[in-house]
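Chemist: Please find work-v1.cif (mmCIF, C-alpha atoms) on the next line:
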```cif
data_run
#
loop_
_atom_site.label_atom_id
_atom_site.label_comp_id
_atom_site.auth_asym_id
_atom_site.auth_seq_id
_atom_site.Cartn_x
_atom_site.Cartn_y
_atom_site.Cartn_z
CA MET A 939 190.94 156.59 111.02
CA ARG A 940 188.18 154.98 113.05
CA SER A 941 188.84 151.78 115.00
CA LEU A 942 187.87 148.43 113.44
CA ALA A 943 185.20 148.06 116.13
CA ALA A 944 183.69 151.43 115.16
CA LEU A 945 183.74 150.48 111.47
CA GLU A 946 182.03 147.17 112.26
CA GLN A 947 179.37 148.99 114.26
CA ARG A 948 178.73 151.41 111.41
CA LEU A 949 178.52 148.55 108.87
CA ASP A 950 176.00 146.77 111.08
CA ALA A 951 173.93 149.96 111.26
CA LEU A 952 174.05 150.42 107.47
CA ALA A 953 173.06 146.77 106.95
CA ALA A 954 170.01 147.35 109.12
CA GLU A 955 168.78 150.33 107.05
CA SER A 956 165.75 149.35 105.02
CA ALA A 957 166.00 152.09 102.41
CA PRO A 958 169.52 153.51 102.22
CA GLY A 959 169.91 156.65 100.09
CA PRO A 960 172.41 156.98 97.22
CA GLY A 961 174.76 158.98 99.46
CA VAL A 962 175.55 155.79 101.35
CA ALA A 963 177.66 154.63 98.38
CA ALA A 964 180.33 157.24 99.11
CA GLU A 965 180.29 156.34 102.79
CA LEU A 966 180.76 152.63 102.02
CA LEU A 967 183.65 153.38 99.68
CA ALA A 968 185.24 155.51 102.43
CA ILE A 969 184.76 152.67 104.94
CA GLY A 970 186.49 150.32 102.50
CA GLU A 971 189.43 152.74 102.33
CA GLU A 972 189.59 152.96 106.12
CA VAL A 973 189.63 149.17 106.38
CA LEU A 974 192.59 148.97 104.00
CA GLU A 975 194.32 151.83 105.83
CA HIS A 976 194.31 149.60 108.92
CA TRP A 977 196.04 146.84 106.99
CA VAL A 978 198.64 149.14 105.48
CA ALA A 979 199.30 150.87 108.81
CA ALA A 980 199.77 147.46 110.47
CA LYS A 981 202.56 146.88 107.95
CA ARG A 982 204.19 150.09 109.23
CA LEU A 983 203.59 151.93 105.98
CA ASP A 984 201.89 155.26 105.38
CA PRO A 985 198.56 154.63 103.65
CA THR A 986 198.87 156.03 100.13
CA ARG A 987 196.86 159.05 98.98
CA ASP A 988 197.31 157.96 95.35
CA ALA A 989 194.53 156.59 93.16
CA ARG A 990 194.48 153.75 90.63
CA GLU A 991 191.86 153.80 87.91
CA GLY A 992 190.46 156.81 89.75
CA PHE A 993 190.06 155.09 93.11
CA ARG A 994 192.17 155.34 96.24
CA LEU A 995 190.72 152.01 97.38
CA LEU A 996 192.45 150.22 94.50
CA ALA A 997 195.74 152.01 95.21
CA LEU A 998 195.52 150.99 98.86
CA HIS A 999 194.85 147.40 97.84
CA ARG A 1000 197.91 147.49 95.61
CA GLN A 1001 199.97 148.89 98.46
CA GLY A 1002 198.63 146.25 100.86
CA CYS A 1003 199.63 143.43 98.51
CA THR A 1004 203.33 144.22 98.66
CA ASP A 1005 205.08 141.10 99.97
CA GLU A 1006 201.68 139.68 100.85
CA PRO A 1007 200.32 137.60 97.95
CA SER A 1008 197.41 136.29 100.00
CA PHE A 1009 196.08 139.84 100.25
CA ASN A 1010 195.15 139.43 96.61
CA ALA A 1011 192.24 137.35 97.85
CA CYS A 1012 190.37 140.62 98.42
CA ARG A 1013 191.23 142.10 95.01
CA GLU A 1014 187.88 141.20 93.47
CA THR A 1015 186.06 142.32 96.62
CA CYS A 1016 187.67 145.77 96.23
CA ARG A 1017 186.79 145.86 92.54
CA GLU A 1018 183.19 144.86 93.28
CA LEU A 1019 183.01 147.68 95.81
CA VAL A 1020 184.17 150.15 93.17
CA TYR A 1021 181.78 148.66 90.60
CA HIS A 1022 178.80 149.08 92.92
CA TYR A 1023 179.90 152.62 93.77
CA ASN A 1024 179.94 153.43 90.05
CA LEU A 1025 176.51 151.84 89.53
CA VAL A 1026 174.93 153.90 92.30
CA SER A 1027 176.72 157.18 91.73
CA LEU A 1028 176.23 157.20 87.96
CA GLU A 1029 172.53 156.31 88.16
CA PRO A 1030 171.31 157.35 91.65
CA GLU A 1031 167.66 157.33 90.54
CA HIS A 1032 167.82 153.80 89.13
CA PRO A 1033 165.04 151.54 90.50
CA ASP A 1034 167.69 149.05 91.67
CA THR A 1035 169.63 151.57 93.76
CA VAL A 1036 168.42 150.26 97.11
CA GLN A 1037 169.26 146.68 96.11
CA ARG A 1038 172.65 147.78 94.78
CA LEU A 1039 173.40 149.54 98.06
CA ARG A 1040 172.36 146.45 99.98
CA MET A 1041 174.83 144.36 97.97
CA MET A 1042 177.49 147.05 98.31
CA THR A 1043 177.10 146.94 102.09
CA LEU A 1044 177.62 143.15 102.08
CA VAL A 1045 180.66 143.51 99.81
CA THR A 1046 182.15 146.14 102.14
CA ASN A 1047 181.40 143.91 105.10
CA HIS A 1048 183.27 141.05 103.43
CA LEU A 1049 186.28 143.28 102.90
CA PHE A 1050 186.09 144.27 106.57
CA LEU A 1051 185.81 140.65 107.75
CA PHE A 1052 188.69 139.50 105.56
CA VAL A 1053 191.06 142.27 106.60
CA ALA A 1054 190.04 142.23 110.27
CA GLY A 1055 190.42 138.43 110.20
CA LYS A 1056 193.89 138.72 108.69
CA LEU A 1057 194.89 141.23 111.33
CA GLN A 1058 193.89 138.74 114.01
CA VAL A 1059 195.13 135.59 112.29
CA ARG A 1060 198.03 136.57 110.11
CA GLU A 1061 197.91 133.54 107.86
CA LEU A 1062 194.26 133.89 106.85
CA GLY A 1063 194.21 133.35 103.12
CA ASP A 1064 197.78 132.05 102.97
CA PHE A 1065 196.67 128.43 103.05
CA CYS A 1066 194.29 128.71 100.13
CA CYS A 1067 195.00 130.79 97.08
CA ALA A 1068 198.40 132.25 97.94
CA SER A 1069 201.53 130.29 97.23
CA ARG A 1070 203.62 131.77 99.97
CA PRO A 1071 205.19 129.21 102.30
CA LEU A 1072 204.68 130.02 105.95
CA ARG A 1073 208.26 129.26 106.83
CA GLU A 1074 209.92 130.97 103.93
CA SER A 1075 212.39 132.77 106.17
CA ALA A 1076 213.74 129.49 107.48
CA ALA A 1077 215.32 127.10 105.02
CA PRO A 1078 213.05 124.05 104.78
CA PRO A 1079 214.66 120.67 105.30
CA ASP A 1080 215.73 119.01 102.08
CA PRO A 1081 212.97 116.42 101.47
CA ALA A 1082 215.33 114.22 99.49
CA MET B 236 188.01 123.61 69.59
CA SER B 237 187.19 120.18 68.11
CA GLY B 238 190.75 119.09 69.04
CA THR B 239 190.11 120.08 72.62
CA ARG B 240 186.70 118.42 72.51
CA ASP B 241 188.22 115.15 71.33
CA LYS B 242 190.99 115.35 73.91
CA TYR B 243 188.51 115.76 76.78
CA GLN B 244 186.33 112.75 75.85
CA LYS B 245 188.51 110.45 77.93
CA VAL B 246 190.54 111.94 80.75
CA ALA B 247 192.49 110.75 83.77
CA TYR B 248 190.36 111.39 86.83
CA TYR B 249 192.06 112.61 89.99
CA PRO B 250 189.39 112.79 92.71
CA GLY B 251 191.75 113.64 95.59
CA CYS B 252 191.15 112.92 99.25
CA ALA B 253 188.20 115.25 99.89
CA LEU B 254 186.07 113.48 97.29
CA GLU B 255 186.60 110.22 99.12
CA GLY B 256 185.46 111.76 102.39
CA THR B 257 183.48 114.90 103.12
CA ALA B 258 182.81 115.56 99.44
CA HIS B 259 181.68 112.09 98.49
CA SER B 260 178.57 113.55 96.90
CA TYR B 261 180.79 115.60 94.56
CA ASN B 262 182.62 112.43 93.56
CA ARG B 263 179.36 110.54 93.03
CA SER B 264 177.73 113.34 91.03
CA THR B 265 180.82 114.03 88.90
CA GLN B 266 181.05 110.38 87.88
CA ALA B 267 177.29 110.13 87.30
CA VAL B 268 177.28 113.28 85.16
CA GLY B 269 180.26 112.04 83.14
CA LYS B 270 178.43 108.79 82.45
CA ALA B 271 175.23 110.60 81.46
CA LEU B 272 177.17 112.89 79.13
CA GLY B 273 179.21 110.10 77.56
CA LEU B 274 182.50 111.51 78.84
CA ASP B 275 184.96 108.87 80.10
CA LEU B 276 186.77 109.13 83.42
CA VAL B 277 189.66 106.79 84.14
CA GLU B 278 190.81 107.15 87.74
CA VAL B 279 194.53 107.77 88.24
CA GLU B 280 196.01 104.55 89.56
CA ASN B 281 197.50 104.62 93.05
CA TRP B 282 197.13 108.38 93.33
CA ASN B 283 198.45 110.29 96.31
CA CYS B 284 197.72 113.54 98.16
CA CYS B 285 198.37 116.63 96.03
CA GLY B 286 200.17 118.27 98.92
CA ALA B 287 196.99 120.07 99.85
CA MET B 288 197.31 123.28 101.84
CA GLU B 289 199.42 122.01 104.69
CA VAL B 290 202.38 120.54 102.80
CA LYS B 291 202.42 123.46 100.37
CA ASN B 292 202.86 125.97 103.14
CA ILE B 293 205.50 124.03 105.05
CA ASP B 294 207.55 122.88 102.09
CA PRO B 295 206.30 123.98 98.65
CA LYS B 296 208.78 121.82 96.75
CA LEU B 297 207.49 118.70 98.45
CA GLN B 298 204.00 119.73 97.33
CA THR B 299 205.34 120.18 93.81
CA TYR B 300 206.73 116.65 93.93
CA LEU B 301 203.50 115.12 95.28
CA SER B 302 201.43 116.77 92.56
CA SER B 303 203.99 115.84 89.91
CA ARG B 304 203.73 112.17 90.86
CA VAL B 305 200.00 112.19 90.06
CA MET B 306 200.71 113.76 86.68
CA SER B 307 203.61 111.36 86.07
CA ILE B 308 201.39 108.32 86.60
CA ALA B 309 198.75 109.76 84.27
CA ALA B 310 201.30 110.57 81.57
CA THR B 311 203.74 107.68 81.65
CA GLU B 312 201.80 104.75 83.11
CA MET B 313 198.30 105.54 81.84
CA LYS B 314 199.38 107.31 78.63
CA MET B 315 196.77 110.02 79.19
CA ASP B 316 197.00 113.58 77.90
CA VAL B 317 194.61 115.23 80.34
CA VAL B 318 194.12 115.05 84.12
CA MET B 319 190.77 116.28 85.43
CA ALA B 320 190.66 117.37 89.09
CA PRO B 321 187.23 118.49 90.36
CA CYS B 322 188.64 119.67 93.71
CA ASN B 323 189.85 123.27 93.61
CA GLY B 324 192.72 122.45 95.97
CA CYS B 325 193.99 119.58 93.80
CA TYR B 326 193.41 121.53 90.60
CA HIS B 327 195.28 124.54 92.00
CA ASN B 328 198.21 122.43 93.24
CA LEU B 329 198.64 120.49 90.01
CA LYS B 330 198.58 123.75 88.05
CA LYS B 331 201.08 125.27 90.47
CA ALA B 332 203.38 122.26 90.13
CA GLU B 333 203.12 122.51 86.35
CA TYR B 334 204.09 126.18 86.52
CA ASP B 335 206.98 125.58 88.93
CA LEU B 336 208.40 122.75 86.83
CA ALA B 337 208.29 124.95 83.75
CA HIS B 338 209.93 127.95 85.44
CA ASP B 339 212.00 126.90 88.44
CA PRO B 340 215.13 124.76 87.93
CA LYS B 341 215.37 124.03 91.66
CA SER B 342 211.87 122.49 91.61
CA VAL B 343 212.88 120.38 88.59
CA GLU B 344 215.95 119.18 90.46
CA VAL B 345 214.07 118.28 93.66
CA VAL B 346 211.25 116.54 91.77
CA ASP B 347 213.74 114.54 89.72
CA ARG B 348 215.63 113.46 92.83
CA LEU B 349 212.49 112.42 94.71
CA SER B 350 210.97 110.68 91.69
CA LYS B 351 214.11 108.57 91.22
CA LYS B 352 214.13 107.74 94.91
CA ALA B 353 210.45 106.71 94.71
CA GLY B 354 211.13 104.66 91.58
CA HIS B 355 208.87 106.32 89.02
CA ALA B 356 209.40 108.44 85.94
CA THR B 357 210.08 112.11 86.58
CA TYR B 358 207.24 114.29 85.37
CA GLN B 359 208.26 116.79 82.71
CA ALA B 360 206.32 120.04 82.38
CA GLY B 361 203.82 119.86 79.53
CA GLN B 362 203.33 116.08 79.54
CA VAL B 363 199.71 116.44 80.60
CA GLU B 364 197.14 119.22 80.73
CA THR B 365 195.39 119.68 84.08
CA ILE B 366 191.76 120.80 83.89
CA HIS B 367 188.88 121.37 86.29
CA ALA B 368 185.50 119.60 86.08
CA LEU B 369 184.11 122.87 84.71
CA ASP B 370 186.61 122.88 81.80
CA TRP B 371 185.88 119.22 81.19
CA ILE B 372 182.16 119.74 80.59
CA LYS B 373 182.43 123.22 79.06
CA HIS B 374 185.02 122.19 76.47
CA GLY B 375 184.50 118.42 76.33
CA LEU B 376 180.85 118.81 75.46
CA GLY B 377 179.98 122.48 75.22
CA GLU B 378 176.69 124.19 75.95
CA GLU B 379 175.03 122.85 72.80
CA GLY B 380 176.08 119.28 73.55
CA LEU B 381 174.81 119.63 77.10
CA LYS B 382 171.51 121.03 75.90
CA GLN B 383 170.94 118.03 73.65
CA ARG B 384 171.39 115.63 76.57
CA LEU B 385 169.07 117.33 79.06
CA ARG B 386 166.15 115.20 80.24
CA GLY B 387 164.83 117.71 82.74
CA SER B 388 165.33 121.32 83.70
CA LEU B 389 166.36 123.44 86.65
CA LYS B 390 163.12 125.35 85.92
CA GLY B 391 164.25 128.87 86.63
CA LEU B 392 165.98 127.93 89.88
CA LYS B 393 167.77 131.03 91.14
CA VAL B 394 171.43 130.19 91.64
CA ALA B 395 174.41 132.09 93.07
CA ASN B 396 177.55 130.54 91.64
CA TYR B 397 180.37 130.44 94.17
CA TYR B 398 183.82 129.59 92.77
CA GLY B 399 185.99 130.21 95.84
CA CYS B 400 189.56 131.43 95.83
CA MET B 401 191.69 128.64 94.37
CA TYR B 402 190.00 128.29 91.00
CA THR B 403 191.45 131.56 89.72
CA ARG B 404 194.33 132.51 92.01
CA PRO B 405 197.16 133.21 91.55
CA ARG B 406 196.54 134.21 87.96
CA HIS B 407 199.98 133.28 86.63
CA ILE B 408 199.44 129.54 87.12
CA PHE B 409 196.38 129.61 84.82
CA PRO B 410 197.80 130.83 81.50
CA GLU B 411 194.78 129.54 79.57
CA LYS B 412 192.43 131.88 81.45
CA ASP B 413 191.78 135.53 80.53
CA GLN B 414 192.38 134.77 76.85
CA GLY B 415 189.32 136.56 75.53
CA PRO B 416 185.97 135.20 74.35
CA GLY B 417 185.38 131.57 75.26
CA SER B 418 188.06 131.46 77.93
CA GLU B 419 187.51 131.58 81.66
CA SER B 420 187.92 134.88 83.50
CA THR B 421 189.96 135.11 86.68
CA SER B 422 188.17 138.23 87.90
CA LYS B 423 184.63 137.19 86.98
CA PRO B 424 184.57 133.44 86.37
CA HIS B 425 181.53 132.28 84.42
CA TYR B 426 181.87 128.62 83.33
CA MET B 427 179.57 127.37 86.09
CA ASP B 428 177.09 130.14 85.28
CA ASP B 429 177.18 129.17 81.59
CA LEU B 430 176.54 125.46 82.19
CA LEU B 431 173.78 125.93 84.75
CA ALA B 432 172.03 128.51 82.55
CA VAL B 433 171.86 125.90 79.78
CA ALA B 434 170.29 123.52 82.32
CA GLY B 435 167.53 126.04 83.03
CA ALA B 436 168.89 127.97 86.04
CA VAL B 437 168.66 131.72 86.43
CA ASN B 438 172.03 132.96 87.64
CA VAL B 439 171.76 135.86 90.06
CA GLU B 440 174.22 138.75 90.12
CA PHE B 441 176.56 137.57 92.88
CA PRO B 442 179.46 139.86 93.76
CA LEU B 443 181.25 137.45 96.14
CA LYS B 444 181.78 134.57 93.71
CA THR B 445 185.56 134.41 94.37
CA ALA B 446 185.62 135.88 97.89
CA CYS B 447 187.45 134.15 100.75
CA CYS B 448 185.33 131.72 102.79
CA GLY B 449 187.96 131.38 105.53
CA GLY B 450 187.98 127.66 104.82
CA ALA B 451 191.47 126.87 106.05
CA HIS B 452 190.77 128.50 109.41
CA THR B 453 187.61 126.62 110.08
CA LEU B 454 189.25 124.82 113.03
CA SER B 455 191.84 127.34 114.24
CA ASP B 456 189.60 130.42 114.09
CA SER B 457 186.06 129.21 113.65
CA ASP B 458 184.40 132.54 114.40
CA THR B 459 186.20 134.33 111.56
CA SER B 460 185.24 131.51 109.18
CA THR B 461 181.64 131.59 110.35
CA LYS B 462 181.37 135.35 109.85
CA LEU B 463 182.89 135.18 106.35
CA VAL B 464 180.57 132.33 105.38
CA LEU B 465 177.54 134.04 106.89
CA ASN B 466 178.26 137.13 104.81
CA ILE B 467 178.48 134.99 101.66
CA LEU B 468 175.18 133.27 102.52
CA ARG B 469 173.50 136.62 103.20
CA ALA B 470 174.81 138.11 99.98
CA ALA B 471 173.48 135.13 98.03
CA GLU B 472 170.06 135.51 99.66
CA ALA B 473 170.06 139.28 99.14
CA ALA B 474 170.81 138.62 95.46
CA GLY B 475 167.68 136.48 95.34
CA ALA B 476 169.36 133.07 95.21
CA GLU B 477 167.57 129.94 96.36
CA VAL B 478 170.68 127.82 95.93
CA ILE B 479 174.45 128.36 96.07
CA ALA B 480 176.21 126.19 93.50
CA THR B 481 179.74 125.14 94.47
CA GLU B 482 182.69 123.50 92.75
CA CYS B 483 185.19 123.27 95.62
CA PRO B 484 184.87 120.72 98.44
CA THR B 485 186.55 123.01 100.99
CA CYS B 486 184.18 125.88 100.23
CA HIS B 487 181.20 123.54 100.07
CA SER B 488 181.75 121.90 103.44
CA GLY B 489 182.63 125.28 104.96
CA LEU B 490 179.40 126.84 103.71
CA GLU B 491 177.36 123.90 104.95
CA MET B 492 178.95 123.63 108.38
CA HIS B 493 179.10 127.35 109.11
CA GLN B 494 175.51 127.81 107.99
CA VAL B 495 174.60 125.52 110.88
CA ARG B 496 177.15 127.12 113.22
CA ALA B 497 176.02 130.68 112.40
CA GLU B 498 172.54 129.80 113.59
CA LYS B 499 173.71 127.97 116.71
CA LYS B 500 176.44 130.40 117.77
CA PHE B 501 175.16 133.75 116.52
CA GLY B 502 171.44 133.08 116.08
CA GLN B 503 171.72 134.05 112.40
CA ALA B 504 169.67 131.67 110.27
CA THR B 505 169.85 131.51 106.47
CA LYS B 506 167.78 129.30 104.22
CA VAL B 507 169.76 129.19 100.97
CA LYS B 508 170.61 125.61 99.91
CA ILE B 509 174.19 124.57 99.13
CA VAL B 510 174.78 122.01 96.38
CA TYR B 511 177.57 121.04 94.00
CA PHE B 512 177.09 122.21 90.43
CA THR B 513 177.43 118.59 89.30
CA GLN B 514 174.43 117.69 91.47
CA LEU B 515 172.35 120.37 89.75
CA LEU B 516 173.52 119.35 86.29
CA GLY B 517 172.87 115.70 87.14
CA MET B 518 169.24 116.35 88.10
CA ALA B 519 168.75 118.34 84.88
CA LEU B 520 170.15 115.34 83.02
CA GLY B 521 167.40 113.20 84.55
CA LEU B 522 169.42 111.59 87.34
CA SER B 523 167.70 111.01 90.69
CA PRO B 524 168.69 112.99 93.81
CA LYS B 525 170.18 109.77 95.19
CA GLN B 526 172.27 109.21 92.08
CA VAL B 527 173.86 112.63 92.55
CA GLY B 528 174.20 112.28 96.33
CA ILE B 529 171.80 114.96 97.55
CA HIS B 530 171.27 112.78 100.64
CA GLU B 531 174.99 113.02 101.43
CA ASN B 532 174.98 116.81 101.76
CA ILE B 533 174.65 118.46 105.16
CA SER B 534 172.47 121.14 103.57
CA ASP B 535 169.11 119.39 103.43
CA SER B 536 167.65 120.23 100.04
CA LEU B 537 165.70 117.13 99.00
CA ASP B 538 162.24 118.46 99.90
CA PHE B 539 163.08 121.79 98.31
CA PHE B 540 164.01 120.19 94.98
CA ARG B 541 160.92 117.99 95.12
CA GLU B 542 158.68 121.01 95.71
CA LYS B 543 160.34 122.74 92.79
CA GLY B 544 159.67 119.73 90.59
CA ILE B 545 163.37 119.39 89.87
CA ALA B 546 163.98 116.13 91.77
#
```
Can I see the file as structure tokens?
Modeler:
Amino acid sequence: MRSLAALEQRLDALAAESAPGPGVAAELLAIGEEVLEHWVAAKRLDPTRDAREGFRLLALHRQGCTDEPSFNACRETCRELVYHYNLVSLEPEHPDTVQRLRMMTLVTNHLFLFVAGKLQVRELGDFCCASRPLRESAAPPDPA
Amino acid sequence: MSGTRDKYQKVAYYPGCALEGTAHSYNRSTQAVGKALGLDLVEVENWNCCGAMEVKNIDPKLQTYLSSRVMSIAATEMKMDVVMAPCNGCYHNLKKAEYDLAHDPKSVEVVDRLSKKAGHATYQAGQVETIHALDWIKHGLGEEGLKQRLRGSLKGLKVANYYGCMYTRPRHIFPEKDQGPGSESTSKPHYMDDLLAVAGAVNVEFPLKTACCGGAHTLSDSDTSTKLVLNILRAAEAAGAEVIATECPTCHSGLEMHQVRAEKKFGQATKVKIVYFTQLLGMALGLSPKQVGIHENISDSLDFFREKGIA
């Protein structure tokens, strides 16, 4: 598993490529998996080797969500990554392949930024769409 | 559907605090669009904070109470059936309170106790239906009704529709979504796309429409927020968008402010304009840029819309 800094560097390099080839799709999917491995490992779990709907990325996302509802905020990002992988790998000669890879790189980058951000600032995402109270371990004062 | 359409003709309007401050242009354009479409908004009397993000995370039951009070006033004092909240945070919190009061006896108990102490009727789950501004126009008027009222057009304007995180998450508090054709999707929301397409926009394929903008960390960890926003802006531009349409004041102000900050701090400039969907619909309905508050946005788009012949 590469460091987050190394993954960021590689994503920056891929973003700078003017005409990425179809093979980049597999690399981006693998980067997405590595990003989620970091999250799962930080929770002191062994990153799963299982697949959901044929993709390890989705299984890792599922694993990363355990006890962490705010992690769901990257569910659609993971699914978009898989969707773009399917688009490129099923039709590598499609005239939109370069554009699809460009979008796939940005989607992977978003996943990276979200997860890396959460690893730095644990509550990232908790304030918005997740319903988890920050102080759930301590009994809140009775407002009445 | 005609029952829903009738029910949405006159709704209780809950603007929330953001629409009285940073999102004043959203408030202005929502009211102007309602007037142009013949849909009545009656502001909730003496409304309070929905509990926003801060109260919810410190004490979720207090947030449930605060949101329930808004719904109680609408139901018992105003005798309204529907509350419309254009702010994603308010919409999310009212829906969450509705869910909690229908499923959690402890929430019911706390809300009842606090309501009695505050001297108003206790809100009972199901007394009102909470909807978003998108539901209000989509179901109160429909695409055909909107089409009939257009006085202008968005003229092929390329739009990336950005819904943010709170409009669809968590899924269990939105039981009306994901109900098949005609209903909103939590994984690929499309109501904003549908309405703007009727108004003449071309919606681009935008894969980050519900991605996190880092909004709540805009002060505590600005760099993370800026990077997340910058990626959203770049994705919109890479998708060919000239404009990002928003429907959440937190996302909107985050996109606007971090667009400026990304250029100043990281030297990364983006040109895509950021406007509320109600501002776009308003201009297509023949309202002036001033009437929909384009001048109140940080993202300076007036000249752009004039050049396009939209304003």
Chemist: Taking 4 positions as the minimum chain separation for residues in the same chain, which residues sit within 12 Å of Glu1029 (chain A) when counting all atoms listed in the file? Answer as a list in words.
Modeler: Pro960, Gly961, Ala963, His1022, Tyr1023, Asn1024, Leu1025, Pro1033, Asp1034, Thr1035, Val1036 and Arg1038 of chain A
Chemist: Between B:Val527, B:Leu376, B:Ala353, B:Ala258, which one has atoms that come closest to chain A, using all atoms listed in the file?
Modeler: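 Answer, going by the shortest atom-to-atom distance: B:Ala353.
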Chemist: Quick one: which residues end up in the PyMOL selection byres ((chain A and resi 1021) around 12) for this structure, as a list in words?
Modeler: Ala963, Leu967, Glu991, Gly992, Phe993, Leu995, Leu996, Glu1014, Thr1015, Cys1016, Arg1017, Glu1018, Leu1019, Val1020, His1022, Tyr1023, Asn1024, Leu1025, Val1026, Ser1027, Leu1028, Arg1038, Leu1039, Met1041, Met1042, Val1045 and Thr1046 of chain A; Pro442 of chain B
Chemist: Between B:Ile529, B:Ile509, B:Leu349, B:Val246, which has the minimum distance to chain A (counting only C-alpha atoms)?
Modeler: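 Result for the nearest residue to chain A: B:Leu349.
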Chemist: Determine, counting all atoms listed in the file, which protein, DNA and RNA residues have an atom within 12 Å of an atom of Glu312 (chain B); residues of the same chain fewer than 5 positions away are not included. Present the result as a list in words.
Modeler: Ala247, Val279, Glu280, Asn281, Trp282, Arg304, Val305, Met306, Ser307, His355, Ala356, Thr357, Tyr358 and Gln362 of chain B
Chemist: List as a list in words the protein and nucleic acid residues near Arg386 (chain B), meaning an atom at most 12 Å away when only C-alpha atoms are counted, but skip any in the same chain fewer than 6 places from it.
Modeler: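 So the residues in contact are Ala271, Leu272, Ala434, Gly435, Leu516, Gly517, Met518, Ala519, Leu520, Gly521, Leu522, Ser523, Ile545 and Ala546 of chain B.
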Chemist: Just give me the gap between CA of Glu531 (chain B) and CA of Tyr511 (chain B) in Å, one decimal is fine.
Modeler: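 Straight-line distance from CA of Glu531 (chain B) to CA of Tyr511 (chain B) works out to 11.2 Å.
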Chemist: Could the residues of chain B within 8 Å of chain A, counting only C-alpha atoms, be given as a PDB file with C-alpha atoms, keeping the file's coordinate frame, please?
Modeler:
```
ATOM      1  CA  MET B 288     197.310 123.280 101.840  1.00  0.00           C
ATOM      2  CA  GLU B 289     199.420 122.010 104.690  1.00  0.00           C
ATOM      3  CA  LYS B 291     202.420 123.460 100.370  1.00  0.00           C
ATOM      4  CA  ASN B 292     202.860 125.970 103.140  1.00  0.00           C
ATOM      5  CA  ILE B 293     205.500 124.030 105.050  1.00  0.00           C
ATOM      6  CA  ASP B 294     207.550 122.880 102.090  1.00  0.00           C
ATOM      7  CA  PRO B 295     206.300 123.980  98.650  1.00  0.00           C
ATOM      8  CA  LEU B 297     207.490 118.700  98.450  1.00  0.00           C
ATOM      9  CA  GLY B 324     192.720 122.450  95.970  1.00  0.00           C
ATOM     10  CA  VAL B 345     214.070 118.280  93.660  1.00  0.00           C
ATOM     11  CA  ARG B 348     215.630 113.460  92.830  1.00  0.00           C
ATOM     12  CA  LEU B 349     212.490 112.420  94.710  1.00  0.00           C
ATOM     13  CA  CYS B 400     189.560 131.430  95.830  1.00  0.00           C
ATOM     14  CA  MET B 401     191.690 128.640  94.370  1.00  0.00           C
ATOM     15  CA  ARG B 404     194.330 132.510  92.010  1.00  0.00           C
ATOM     16  CA  PRO B 405     197.160 133.210  91.550  1.00  0.00           C
ATOM     17  CA  SER B 422     188.170 138.230  87.900  1.00  0.00           C
ATOM     18  CA  PRO B 442     179.460 139.860  93.760  1.00  0.00           C
ATOM     19  CA  LEU B 443     181.250 137.450  96.140  1.00  0.00           C
ATOM     20  CA  THR B 445     185.560 134.410  94.370  1.00  0.00           C
ATOM     21  CA  ALA B 446     185.620 135.880  97.890  1.00  0.00           C
ATOM     22  CA  CYS B 447     187.450 134.150 100.750  1.00  0.00           C
ATOM     23  CA  GLY B 449     187.960 131.380 105.530  1.00  0.00           C
ATOM     24  CA  GLY B 450     187.980 127.660 104.820  1.00  0.00           C
ATOM     25  CA  ALA B 451     191.470 126.870 106.050  1.00  0.00           C
ATOM     26  CA  HIS B 452     190.770 128.500 109.410  1.00  0.00           C
ATOM     27  CA  ASP B 456     189.600 130.420 114.090  1.00  0.00           C
ATOM     28  CA  THR B 459     186.200 134.330 111.560  1.00  0.00           C
ATOM     29  CA  LYS B 462     181.370 135.350 109.850  1.00  0.00           C
ATOM     30  CA  LEU B 463     182.890 135.180 106.350  1.00  0.00           C
ATOM     31  CA  ASN B 466     178.260 137.130 104.810  1.00  0.00           C
ATOM     32  CA  ILE B 467     178.480 134.990 101.660  1.00  0.00           C
ATOM     33  CA  ARG B 469     173.500 136.620 103.200  1.00  0.00           C
ATOM     34  CA  ALA B 470     174.810 138.110  99.980  1.00  0.00           C
ATOM     35  CA  ALA B 473     170.060 139.280  99.140  1.00  0.00           C
ATOM     36  CA  ALA B 474     170.810 138.620  95.460  1.00  0.00           C
TER      37      ALA B 474
END
```
Chemist: What residues come out when you apply the PyMOL selection byres ((chain B and resi 321) around 6) to this file, written as a PyMOL selection string?
Modeler: chain B and resi 320+322+367-368
Chemist: Take the PyMOL selection byres ((chain A and resi 948) around 12), apply it to the structure above, and return the hits as a list in words.
Modeler: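 On this input, the PyMOL selection byres ((chain A and resi 948) around 12) captures Arg940, Ser941, Leu942, Ala943, Ala944, Leu945, Glu946, Gln947, Leu949, Asp950, Ala951, Leu952, Ala953, Ala954, Glu955, Val962, Glu965, Leu966, Ala968, Ile969, Gly970, Thr1043, Thr1046, Asn1047 and Phe1050 of chain A.
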Chemist: Applying 7 Å and all atoms listed in the file, which residues near Glu477 (chain B) remain after dropping the ones on its own chain fewer than 6 positions away? List them as number ranges by chain.
Modeler: B: 392-394, 507-508
Chemist: Work out how far apart CA of Asp347 (chain B) and CA of Ser302 (chain B) are and give it in Å to one decimal.
Modeler: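 These two atoms are separated by 12.8 Å.
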Chemist: Residues within 10 Å of region 978-985 of chain A, please, as an MDAnalysis selection string. Count all atoms listed in the file; anything in the same chain fewer than 5 positions from it doesn't count.
Modeler: chainID A and resid 971:973 994 997:999 1001:1004 1057
